$ cat model03.cif   # mmCIF, C-alpha atoms
data_model
loop_
_atom_site.group_PDB
_atom_site.id
_atom_site.type_symbol
_atom_site.label_atom_id
_atom_site.label_comp_id
_atom_site.auth_asym_id
_atom_site.auth_seq_id
_atom_site.Cartn_x
_atom_site.Cartn_y
_atom_site.Cartn_z
ATOM 1 C CA MET A 1 13.108 22.451 3.800
ATOM 2 C CA VAL A 2 12.288 26.021 2.698
ATOM 3 C CA ILE A 3 8.841 26.296 1.160
ATOM 4 C CA ASN A 4 8.254 28.907 -1.504
ATOM 5 C CA ARG A 5 5.178 30.937 -0.585
ATOM 6 C CA ASP A 6 4.883 32.751 -3.906
ATOM 7 C CA HIS A 7 1.271 32.249 -4.995
ATOM 8 C CA GLU A 8 1.795 34.100 -8.235
ATOM 9 C CA ASN A 9 2.524 30.883 -10.070
ATOM 10 C CA LYS A 10 -0.227 28.636 -8.755
ATOM 11 C CA PRO A 11 -1.482 26.210 -11.397
ATOM 12 C CA GLU A 12 -4.662 27.020 -13.264
ATOM 13 C CA ALA A 13 -7.735 24.938 -12.434
ATOM 14 C CA SER A 14 -7.945 23.646 -15.998
ATOM 15 C CA LEU A 15 -6.053 21.408 -18.375
ATOM 16 C CA SER A 16 -4.662 22.275 -21.797
ATOM 17 C CA THR A 17 -2.729 20.422 -24.474
ATOM 18 C CA SER A 18 0.508 22.017 -25.689
ATOM 19 C CA THR A 19 1.736 21.554 -29.250
ATOM 20 C CA SER A 20 4.855 22.429 -31.178
ATOM 21 C CA ALA A 21 5.014 25.736 -33.053
ATOM 22 C CA GLY A 22 3.170 25.546 -36.357
ATOM 23 C CA GLU A 23 1.148 22.492 -35.406
ATOM 24 C CA ASN A 24 -2.588 22.782 -35.091
ATOM 25 C CA PRO A 25 -3.993 19.305 -34.407
ATOM 26 C CA PRO A 26 -7.617 18.851 -33.382
ATOM 27 C CA VAL A 27 -8.123 19.017 -29.630
ATOM 28 C CA ALA A 28 -10.042 16.045 -28.268
ATOM 29 C CA ALA A 29 -12.886 16.812 -25.906
ATOM 30 C CA PRO A 30 -12.139 15.875 -22.295
ATOM 31 C CA THR A 31 -13.678 12.623 -21.132
ATOM 32 C CA VAL A 32 -14.858 14.279 -17.891
ATOM 33 C CA GLU A 33 -15.639 17.994 -17.841
ATOM 34 C CA MET A 34 -17.033 19.976 -14.909
ATOM 35 C CA LEU A 35 -18.277 23.538 -15.355
ATOM 36 C CA GLY A 36 -19.240 25.399 -12.185
ATOM 37 C CA LEU A 37 -20.315 22.138 -10.543
ATOM 38 C CA THR A 38 -21.919 22.945 -7.192
ATOM 39 C CA ARG A 39 -23.649 20.995 -4.454
ATOM 40 C CA HIS A 40 -25.366 22.422 -1.385
ATOM 41 C CA PHE A 41 -26.593 20.493 1.649
ATOM 42 C CA GLY A 42 -28.854 23.012 3.310
ATOM 43 C CA ALA A 43 -26.687 25.978 4.285
ATOM 44 C CA THR A 44 -23.489 24.003 3.673
ATOM 45 C CA THR A 45 -21.735 24.174 0.310
ATOM 46 C CA ALA A 46 -19.902 20.886 -0.199
ATOM 47 C CA VAL A 47 -18.714 21.610 -3.753
ATOM 48 C CA ASN A 48 -18.373 25.219 -4.868
ATOM 49 C CA ALA A 49 -18.365 26.085 -8.593
ATOM 50 C CA LEU A 50 -15.857 23.380 -9.492
ATOM 51 C CA SER A 51 -14.488 23.506 -13.047
ATOM 52 C CA LEU A 52 -12.084 20.738 -14.083
ATOM 53 C CA ALA A 53 -11.334 18.778 -17.241
ATOM 54 C CA VAL A 54 -9.971 15.235 -17.338
ATOM 55 C CA PRO A 55 -8.349 14.131 -20.631
ATOM 56 C CA ASN A 56 -9.061 10.774 -22.218
ATOM 57 C CA GLY A 57 -6.926 7.927 -20.866
ATOM 58 C CA CYS A 58 -5.664 9.926 -17.887
ATOM 59 C CA ILE A 59 -5.359 8.738 -14.282
ATOM 60 C CA PHE A 60 -6.601 11.813 -12.432
ATOM 61 C CA GLY A 61 -6.541 12.195 -8.655
ATOM 62 C CA LEU A 62 -8.733 14.316 -6.399
ATOM 63 C CA LEU A 63 -6.928 15.097 -3.151
ATOM 64 C CA GLY A 64 -8.028 17.096 -0.155
ATOM 65 C CA PRO A 65 -8.706 16.975 3.569
ATOM 66 C CA ASN A 66 -11.842 15.342 4.915
ATOM 67 C CA GLY A 67 -14.868 17.450 4.025
ATOM 68 C CA ALA A 68 -13.185 19.044 0.994
ATOM 69 C CA GLY A 69 -15.908 17.776 -1.351
ATOM 70 C CA LYS A 70 -14.113 14.916 -3.106
ATOM 71 C CA THR A 71 -16.689 12.184 -2.508
ATOM 72 C CA THR A 72 -19.576 14.562 -3.215
ATOM 73 C CA THR A 73 -17.952 15.427 -6.549
ATOM 74 C CA ILE A 74 -17.649 11.729 -7.436
ATOM 75 C CA LYS A 75 -21.284 11.137 -6.473
ATOM 76 C CA MET A 76 -22.456 13.929 -8.769
ATOM 77 C CA LEU A 77 -20.333 12.700 -11.676
ATOM 78 C CA THR A 78 -21.713 9.175 -11.256
ATOM 79 C CA THR A 79 -25.327 10.517 -11.075
ATOM 80 C CA VAL A 80 -25.788 9.367 -7.472
ATOM 81 C CA LEU A 81 -26.401 12.994 -6.419
ATOM 82 C CA PRO A 82 -27.842 15.779 -8.589
ATOM 83 C CA PRO A 83 -25.883 19.047 -8.669
ATOM 84 C CA SER A 84 -27.379 22.153 -7.084
ATOM 85 C CA ALA A 85 -25.875 24.295 -9.851
ATOM 86 C CA GLY A 86 -23.447 24.032 -12.731
ATOM 87 C CA THR A 87 -23.053 21.080 -15.030
ATOM 88 C CA ALA A 88 -20.748 18.245 -16.000
ATOM 89 C CA LYS A 89 -20.290 15.846 -18.885
ATOM 90 C CA VAL A 90 -18.956 12.319 -18.603
ATOM 91 C CA ALA A 91 -18.033 10.438 -21.784
ATOM 92 C CA GLY A 92 -19.850 13.189 -23.690
ATOM 93 C CA PHE A 93 -23.123 12.883 -21.758
ATOM 94 C CA ASP A 94 -24.694 15.433 -19.426
ATOM 95 C CA ILE A 95 -24.920 14.074 -15.877
ATOM 96 C CA VAL A 96 -28.484 15.373 -15.443
ATOM 97 C CA ARG A 97 -30.101 15.198 -18.900
ATOM 98 C CA ASP A 98 -28.334 11.987 -19.954
ATOM 99 C CA ALA A 99 -27.969 10.198 -16.620
ATOM 100 C CA VAL A 100 -28.797 6.766 -18.071
ATOM 101 C CA ASP A 101 -26.159 7.145 -20.788
ATOM 102 C CA VAL A 102 -23.616 8.295 -18.198
ATOM 103 C CA ARG A 103 -24.238 5.186 -16.116
ATOM 104 C CA ARG A 104 -23.825 2.959 -19.177
ATOM 105 C CA ASN A 105 -20.366 4.385 -19.796
ATOM 106 C CA ILE A 106 -18.895 4.382 -16.305
ATOM 107 C CA GLY A 107 -17.715 2.017 -13.613
ATOM 108 C CA TYR A 108 -17.902 3.106 -9.977
ATOM 109 C CA VAL A 109 -16.070 1.587 -7.013
ATOM 110 C CA SER A 110 -17.142 3.337 -3.818
ATOM 111 C CA GLN A 111 -15.717 3.158 -0.312
ATOM 112 C CA MET A 112 -18.492 0.763 0.648
ATOM 113 C CA ILE A 113 -17.977 -2.918 -0.143
ATOM 114 C CA SER A 114 -20.052 -3.982 -3.152
ATOM 115 C CA ALA A 115 -18.971 -7.634 -3.247
ATOM 116 C CA ASP A 116 -21.199 -10.189 -1.491
ATOM 117 C CA GLY A 117 -19.176 -12.224 1.001
ATOM 118 C CA ALA A 118 -21.616 -15.143 0.802
ATOM 119 C CA LEU A 119 -20.929 -15.617 -2.917
ATOM 120 C CA THR A 120 -17.803 -16.718 -4.724
ATOM 121 C CA GLY A 121 -15.781 -14.298 -6.816
ATOM 122 C CA TYR A 122 -17.158 -15.894 -9.987
ATOM 123 C CA GLU A 123 -20.757 -15.647 -8.729
ATOM 124 C CA ASN A 124 -20.277 -11.977 -7.813
ATOM 125 C CA LEU A 125 -19.001 -11.196 -11.287
ATOM 126 C CA LEU A 126 -21.781 -13.131 -12.990
ATOM 127 C CA LEU A 127 -24.346 -11.217 -10.926
ATOM 128 C CA PHE A 128 -22.817 -7.879 -11.943
ATOM 129 C CA ALA A 129 -22.721 -8.959 -15.586
ATOM 130 C CA ARG A 130 -26.482 -9.483 -15.388
ATOM 131 C CA LEU A 131 -26.984 -6.146 -13.605
ATOM 132 C CA TYR A 132 -25.027 -4.370 -16.345
ATOM 133 C CA GLY A 133 -27.252 -5.988 -18.958
ATOM 134 C CA ILE A 134 -24.413 -7.809 -20.682
ATOM 135 C CA GLU A 135 -25.813 -10.283 -23.220
ATOM 136 C CA ARG A 136 -26.032 -13.865 -21.966
ATOM 137 C CA ARG A 137 -23.706 -15.143 -24.718
ATOM 138 C CA LEU A 138 -20.990 -12.675 -23.614
ATOM 139 C CA ARG A 139 -21.229 -13.017 -19.835
ATOM 140 C CA ARG A 140 -18.959 -15.985 -19.161
ATOM 141 C CA GLY A 141 -16.291 -14.606 -21.470
ATOM 142 C CA ARG A 142 -16.396 -11.174 -19.792
ATOM 143 C CA VAL A 143 -16.229 -12.769 -16.340
ATOM 144 C CA ALA A 144 -13.255 -14.927 -17.351
ATOM 145 C CA GLU A 145 -11.532 -11.880 -18.860
ATOM 146 C CA ALA A 146 -12.037 -9.838 -15.681
ATOM 147 C CA LEU A 147 -10.817 -12.648 -13.417
ATOM 148 C CA ARG A 148 -7.729 -13.122 -15.563
ATOM 149 C CA PHE A 149 -6.966 -9.411 -15.797
ATOM 150 C CA MET A 150 -7.244 -8.894 -12.036
ATOM 151 C CA ALA A 151 -5.275 -12.096 -11.266
ATOM 152 C CA LEU A 152 -8.205 -13.724 -9.445
ATOM 153 C CA GLU A 153 -8.566 -16.914 -11.500
ATOM 154 C CA ASP A 154 -7.281 -19.156 -8.698
ATOM 155 C CA ALA A 155 -9.776 -17.635 -6.237
ATOM 156 C CA ALA A 156 -12.764 -17.598 -8.592
ATOM 157 C CA ASN A 157 -14.599 -20.350 -6.693
ATOM 158 C CA THR A 158 -13.676 -19.164 -3.192
ATOM 159 C CA LEU A 159 -16.254 -17.366 -1.035
ATOM 160 C CA VAL A 160 -15.450 -13.649 -0.953
ATOM 161 C CA ARG A 161 -15.711 -13.624 2.858
ATOM 162 C CA ASN A 162 -12.415 -15.521 2.764
ATOM 163 C CA TYR A 163 -10.675 -13.008 0.474
ATOM 164 C CA SER A 164 -8.014 -10.613 1.746
ATOM 165 C CA GLY A 165 -8.691 -6.877 1.571
ATOM 166 C CA GLY A 166 -6.576 -6.539 -1.570
ATOM 167 C CA MET A 167 -8.410 -9.381 -3.297
ATOM 168 C CA ILE A 168 -11.773 -7.797 -2.448
ATOM 169 C CA ARG A 169 -10.694 -4.511 -3.975
ATOM 170 C CA ARG A 170 -9.439 -6.217 -7.120
ATOM 171 C CA LEU A 171 -12.734 -8.103 -7.379
ATOM 172 C CA GLU A 172 -14.677 -4.849 -7.084
ATOM 173 C CA ILE A 173 -12.576 -3.289 -9.835
ATOM 174 C CA ALA A 174 -13.211 -6.429 -11.913
ATOM 175 C CA GLU A 175 -16.958 -5.963 -11.336
ATOM 176 C CA SER A 176 -16.754 -2.352 -12.493
ATOM 177 C CA MET A 177 -14.935 -3.189 -15.758
ATOM 178 C CA LEU A 178 -17.217 -5.986 -17.009
ATOM 179 C CA HIS A 179 -19.087 -3.669 -19.400
ATOM 180 C CA HIS A 180 -15.855 -2.038 -20.631
ATOM 181 C CA PRO A 181 -16.610 1.457 -19.273
ATOM 182 C CA LYS A 182 -14.996 4.551 -20.744
ATOM 183 C CA VAL A 183 -14.518 6.074 -17.279
ATOM 184 C CA LEU A 184 -13.781 4.366 -13.963
ATOM 185 C CA PHE A 185 -14.478 6.270 -10.736
ATOM 186 C CA LEU A 186 -12.712 5.091 -7.597
ATOM 187 C CA ASP A 187 -13.324 6.489 -4.116
ATOM 188 C CA GLU A 188 -10.260 5.723 -1.943
ATOM 189 C CA PRO A 189 -9.283 2.617 -3.961
ATOM 190 C CA THR A 190 -6.694 1.225 -1.533
ATOM 191 C CA VAL A 191 -8.014 2.343 1.852
ATOM 192 C CA GLY A 192 -7.111 -0.202 4.522
ATOM 193 C CA LEU A 193 -4.818 -2.277 2.288
ATOM 194 C CA ASP A 194 -1.292 -3.368 3.132
ATOM 195 C CA PRO A 195 1.592 -2.099 0.928
ATOM 196 C CA VAL A 196 1.792 -5.266 -1.194
ATOM 197 C CA ALA A 197 -1.949 -5.195 -1.912
ATOM 198 C CA ARG A 198 -1.836 -1.461 -2.651
ATOM 199 C CA HIS A 199 0.905 -1.880 -5.237
ATOM 200 C CA ALA A 200 -0.987 -4.788 -6.830
ATOM 201 C CA VAL A 201 -4.100 -2.612 -7.229
ATOM 202 C CA TRP A 202 -1.954 0.195 -8.720
ATOM 203 C CA ASP A 203 -0.503 -2.192 -11.293
ATOM 204 C CA HIS A 204 -3.961 -3.353 -12.339
ATOM 205 C CA LEU A 205 -5.246 0.223 -12.629
ATOM 206 C CA ARG A 206 -2.307 1.098 -14.874
ATOM 207 C CA GLY A 207 -3.176 -1.977 -16.903
ATOM 208 C CA LEU A 208 -6.774 -0.802 -17.325
ATOM 209 C CA ARG A 209 -5.554 2.531 -18.621
ATOM 210 C CA ASN A 210 -2.885 1.043 -20.892
ATOM 211 C CA ASP A 211 -4.786 -1.973 -22.248
ATOM 212 C CA PHE A 212 -8.336 -0.605 -22.461
ATOM 213 C CA GLY A 213 -7.773 3.167 -22.647
ATOM 214 C CA THR A 214 -9.906 3.626 -19.530
ATOM 215 C CA THR A 215 -9.973 7.103 -18.032
ATOM 216 C CA ILE A 216 -9.657 6.846 -14.246
ATOM 217 C CA LEU A 217 -10.779 9.501 -11.774
ATOM 218 C CA MET A 218 -10.022 8.664 -8.160
ATOM 219 C CA THR A 219 -9.995 10.200 -4.713
ATOM 220 C CA THR A 220 -7.233 9.396 -2.271
ATOM 221 C CA HIS A 221 -5.650 10.483 0.995
ATOM 222 C CA ASP A 222 -2.530 8.480 0.190
ATOM 223 C CA MET A 223 0.168 10.846 -1.060
ATOM 224 C CA GLU A 224 2.392 8.000 -2.255
ATOM 225 C CA GLU A 225 -0.531 6.648 -4.266
ATOM 226 C CA ALA A 226 -1.207 10.030 -5.857
ATOM 227 C CA ASP A 227 2.482 10.554 -6.640
ATOM 228 C CA GLU A 228 3.021 7.102 -8.154
ATOM 229 C CA LEU A 229 -0.272 6.576 -9.950
ATOM 230 C CA CYS A 230 -1.742 9.903 -11.076
ATOM 231 C CA GLU A 231 -0.565 11.892 -14.078
ATOM 232 C CA THR A 232 -2.580 14.879 -12.874
ATOM 233 C CA ILE A 233 -3.976 15.787 -9.469
ATOM 234 C CA ALA A 234 -6.377 18.453 -8.276
ATOM 235 C CA ILE A 235 -6.205 19.497 -4.639
ATOM 236 C CA MET A 236 -9.584 20.447 -3.196
ATOM 237 C CA HIS A 237 -10.188 22.668 -0.201
ATOM 238 C CA LEU A 238 -13.591 23.884 1.010
ATOM 239 C CA GLY A 239 -15.276 22.563 -2.112
ATOM 240 C CA GLN A 240 -12.959 24.262 -4.601
ATOM 241 C CA ALA A 241 -9.912 23.235 -6.635
ATOM 242 C CA VAL A 242 -7.035 25.253 -5.201
ATOM 243 C CA ALA A 243 -4.269 23.643 -7.289
ATOM 244 C CA ILE A 244 -4.030 21.412 -10.329
ATOM 245 C CA GLY A 245 -1.122 19.897 -12.200
ATOM 246 C CA SER A 246 1.192 16.924 -12.332
ATOM 247 C CA PRO A 247 2.665 15.853 -8.979
ATOM 248 C CA SER A 248 6.142 16.846 -10.149
ATOM 249 C CA ALA A 249 5.028 20.304 -11.319
ATOM 250 C CA LEU A 250 3.251 21.030 -8.047
ATOM 251 C CA LYS A 251 6.276 19.914 -6.020
ATOM 252 C CA VAL A 252 8.481 22.311 -7.976
ATOM 253 C CA GLN A 253 6.062 25.145 -7.215
ATOM 254 C CA VAL A 254 6.183 24.562 -3.488
ATOM 255 C CA GLY A 255 9.956 24.226 -3.107
ATOM 256 C CA PRO A 256 13.085 22.518 -4.415
ATOM 257 C CA ASP A 257 12.934 19.714 -1.845
ATOM 258 C CA ALA A 258 9.150 19.451 -1.526
ATOM 259 C CA ASP A 259 7.314 16.144 -1.561
ATOM 260 C CA LEU A 260 3.599 15.663 -2.136
ATOM 261 C CA ASP A 261 2.895 15.865 1.599
ATOM 262 C CA ASP A 262 4.338 19.403 1.528
ATOM 263 C CA VAL A 263 2.225 20.227 -1.521
ATOM 264 C CA PHE A 264 -0.923 18.984 0.199
ATOM 265 C CA VAL A 265 -0.305 20.985 3.377
ATOM 266 C CA TYR A 266 0.731 24.092 1.424
ATOM 267 C CA PHE A 267 -2.394 24.253 -0.727
ATOM 268 C CA ALA A 268 -5.023 22.629 1.510
ATOM 269 C CA GLY A 269 -3.610 23.364 4.966
ATOM 270 C CA GLY A 270 -4.924 20.019 6.178
ATOM 271 C CA SER A 271 -3.543 16.911 7.787
ATOM 272 C CA ILE A 272 -3.109 13.660 5.869
ATOM 273 C CA GLU A 273 -4.871 10.574 7.157
ATOM 274 C CA HIS A 274 -4.138 7.192 6.155
ATOM 275 C CA GLY A 275 -5.076 -4.119 5.981
ATOM 276 C CA GLY A 276 -7.205 -6.847 6.460
ATOM 277 C CA GLY A 277 -9.916 -9.199 5.368
ATOM 278 C CA TYR A 278 -13.604 -8.745 4.520
ATOM 279 C CA THR A 279 -14.868 -7.672 7.931
ATOM 280 C CA GLU A 280 -11.975 -5.305 8.660
ATOM 281 C CA THR A 281 -12.160 -3.753 5.197
ATOM 282 C CA ALA A 282 -15.899 -3.174 5.571
ATOM 283 C CA GLN A 283 -15.397 -1.459 8.931
ATOM 284 C CA ILE A 284 -12.601 0.755 7.619
ATOM 285 C CA ARG A 285 -14.622 1.837 4.613
ATOM 286 C CA ARG A 286 -17.730 2.597 6.685
ATOM 287 C CA THR A 287 -15.638 4.863 8.882
ATOM 288 C CA ALA A 288 -13.956 6.490 5.885
ATOM 289 C CA ARG A 289 -17.344 7.168 4.279
ATOM 290 C CA ARG A 290 -18.652 8.920 7.405
ATOM 291 C CA LEU A 291 -15.571 11.138 7.489
ATOM 292 C CA GLY A 292 -15.336 11.821 3.722
#

$ encode --input "model03.cif" --output "structure tokens"
Amino acid sequence: MVINRDHENKPEASLSTSTSAGENPPVAAPTVEMLGLTRHFGATTAVNALSLAVPNGCIFGLLGPNGAGKTTTIKMLTTVLPPSAGTAKVAGFDIVRDAVDVRRNIGYVSQMISADGALTGYENLLLFARLYGIERRLRRGRVAEALRFMALEDAANTLVRNYSGGMIRRLEIAESMLHHPKVLFLDEPTVGLDPVARHAVWDHLRGLRNDFGTTILMTTHDMEEADELCETIAIMHLGQAVAIGSPSALKVQVGPDADLDDVFVYFAGGSIEHGGGYTETAQIRRTARRLG
């Protein structure tokens, strides 16, 4: 395959909405907006003046080699880490000034397992419903809704330590959607899962977007996942967004026969790294977190 090296037409690190000539509809504010978002760890700059906008109801992917700043970006947007400079808004709220409001409007599924293996799926969900402050009269209905939506009804009374990796991930997504968040953040949502489990998680994420209008921002190393699931991707390298656009548009830029692997290598110059039950999934995610 011949790769086009013309950088003149690299995508802009921003999103815009095109309209037909003569039309002038109101432009909705992005659900997630980053303006010069920066994070330093001592002398190391993990995220460097990142400016991105994620439209409402979009599945948006952050791609990049290990150390590119993807997980740090997610942690700032979810108020786990404060930014060193710049700002961001999530669901209309400033991540520093309005951190409590941000947390009320988001769900966050990290690389680390959040489900308790000593509890059943139902008990895990009920615990999270309490943590989210969902009214007592609504809890059982929300838990039943989440179990049904994530196809976990038959395993509701099974200890999570006996779940497969795919079931654990679906349970964690169910936990994160109990309070009907406007934005769902996912850090490597299918790491360590087999192909069948991965596709099941993808289907449920599409369902969240389609049925609830949830905006999803996710990191991934899986190029197939990014290509199949994300409407828009941003490729990060050394803490900056070096390319942004739809997977198909970026492939066209790189070359007529390019796939997303070629796009990744072209813009980031990095290698791509790509399951199991509770114990194996926990081990994989701990390793992934150390490398991310």

$ residues_near_point --input "model03.cif" --point "(-18.0, 21.1, -2.3)" --cutoff "6 Å" --atoms "all atoms listed in the file" --output "list in words"
Thr45, Ala46, Val47, Asn48, Gly69 and Gly239 of chain A

$ resolve_selection --input "model03.cif" --expression "the PyMOL selection byres ((chain A and resi 200) around 12)" --output "list in words"
Phe149, Met150, Ala151, Leu152, Gly165, Gly166, Met167, Arg169, Arg170, Pro189, Thr190, Leu193, Asp194, Pro195, Val196, Ala197, Arg198, His199, Val201, Trp202, Asp203, His204, Leu205, Arg206, Gly207, Glu225 and Leu229 of chain A

$ atom_distance --input "model03.cif" --atom1 "CA of Val263 in chain A" --atom2 "CA of Gly57 in chain A"
24.7 Å

$ atom_distance --input "model03.cif" --atom1 "CA of Leu50 in chain A" --atom2 "CA of Asp187 in chain A"
17.9 Å

$ closest_residue --input "model03.cif" --among "A:Ala155, A:Leu171, A:Ala99, A:Val252" --to "Ile113 in chain A" --atoms "all atoms listed in the file"
A:Leu171

$ closest_residue --input "model03.cif" --among "A:Leu138, A:Phe185, A:Asn162, A:Met236" --to "Gly121 in chain A" --atoms "all atoms listed in the file"
A:Asn162

$ resolve_selection --input "model03.cif" --expression "the PyMOL selection byres ((chain A and resi 39) around 9)" --output "ChimeraX atom specification"
/A:37-38,40-41,44-49,69,72-73,76,81-86,239

$ resolve_selection --input "model03.cif" --expression "the PyMOL selection byres ((chain A and resi 130-136) around 12)" --output "list in words"
Val100, Arg103, Arg104, Asn105, Ile106, Gly107, Glu123, Asn124, Leu125, Leu126, Leu127, Phe128, Ala129, Arg137, Leu138, Arg139, Arg140, Gly141, Arg142, Val143, Glu175, Ser176, Met177, Leu178, His179, His180 and Pro181 of chain A

$ closest_residue --input "model03.cif" --among "A:Val90, A:Tyr122, A:Ile233, A:Arg148" --to "Ser248 in chain A" --atoms "all atoms listed in the file"
A:Ile233

$ axis_aligned_box --input "model03.cif" --around "range 132-143 of chain A" --padding-each-side "6 Å" --output "JSON"
{"center_x": -21.7, "center_y": -10.2, "center_z": -20.5, "size_x": 23.0, "size_y": 23.6, "size_z": 20.4}

$ atom_distance --input "model03.cif" --atom1 "CA of Leu208 in chain A" --atom2 "CA of Gln240 in chain A"
28.8 Å

$ closest_residue --input "model03.cif" --among "A:Arg97, A:Leu63, A:Pro30, A:Asp211" --to "Leu238 in chain A" --atoms "all atoms listed in the file"
A:Leu63

$ residues_near_point --input "model03.cif" --point "(-9.8, 6.3, -3.3)" --cutoff "6 Å" --atoms "only C-alpha atoms" --output "NGL selection string"
:A and (186-189 or 218-220)

$ closest_residue --input "model03.cif" --among "A:Ala53, A:Asp154, A:Glu172, A:Val183" --to "Gly245 in chain A" --atoms "all atoms listed in the file"
A:Ala53

$ closest_residue --input "model03.cif" --among "A:Val96, A:Phe212, A:Asp101, A:Leu52" --to "Ala241 in chain A" --atoms "all atoms listed in the file"
A:Leu52

$ decode --input "model03.cif" --residues "range 149-163 of chain A" --atoms "N, CA and C atoms" --output "compact mmCIF listing (two decimals), in the first residue's frame"
# COMPACT_ATOMS: atom_id res chain seq x y z
N PHE A 149 -31.32 -4.13 30.28
CA PHE A 149 -30.67 -3.48 29.15
C PHE A 149 -29.32 -4.12 28.81
N MET A 150 -28.60 -4.56 29.83
CA MET A 150 -27.29 -5.16 29.60
C MET A 150 -27.35 -6.69 29.52
N ALA A 151 -28.57 -7.23 29.40
CA ALA A 151 -28.78 -8.68 29.24
C ALA A 151 -28.12 -9.48 30.36
N LEU A 152 -28.34 -9.04 31.60
CA LEU A 152 -27.76 -9.72 32.76
C LEU A 152 -28.84 -10.24 33.72
N GLU A 153 -30.09 -10.25 33.29
CA GLU A 153 -31.17 -10.67 34.18
C GLU A 153 -30.97 -12.09 34.69
N ASP A 154 -30.52 -13.00 33.85
CA ASP A 154 -30.37 -14.40 34.25
C ASP A 154 -29.21 -14.59 35.23
N ALA A 155 -28.28 -13.63 35.26
CA ALA A 155 -27.12 -13.74 36.15
C ALA A 155 -27.22 -12.79 37.33
N ALA A 156 -28.39 -12.18 37.54
CA ALA A 156 -28.53 -11.16 38.58
C ALA A 156 -28.18 -11.68 39.96
N ASN A 157 -28.48 -12.94 40.25
CA ASN A 157 -28.26 -13.49 41.58
C ASN A 157 -27.03 -14.38 41.67
N THR A 158 -26.16 -14.28 40.67
CA THR A 158 -24.90 -15.03 40.65
C THR A 158 -23.78 -14.15 41.19
N LEU A 159 -22.88 -14.72 41.99
CA LEU A 159 -21.73 -13.96 42.47
C LEU A 159 -20.88 -13.50 41.29
N VAL A 160 -20.43 -12.26 41.34
CA VAL A 160 -19.69 -11.68 40.22
C VAL A 160 -18.35 -12.38 40.00
N ARG A 161 -17.80 -13.01 41.05
CA ARG A 161 -16.55 -13.75 40.87
C ARG A 161 -16.72 -14.90 39.87
N ASN A 162 -17.95 -15.29 39.62
CA ASN A 162 -18.22 -16.36 38.66
C ASN A 162 -18.62 -15.84 37.28
N TYR A 163 -18.62 -14.53 37.09
CA TYR A 163 -18.93 -13.94 35.80
C TYR A 163 -17.75 -14.10 34.84
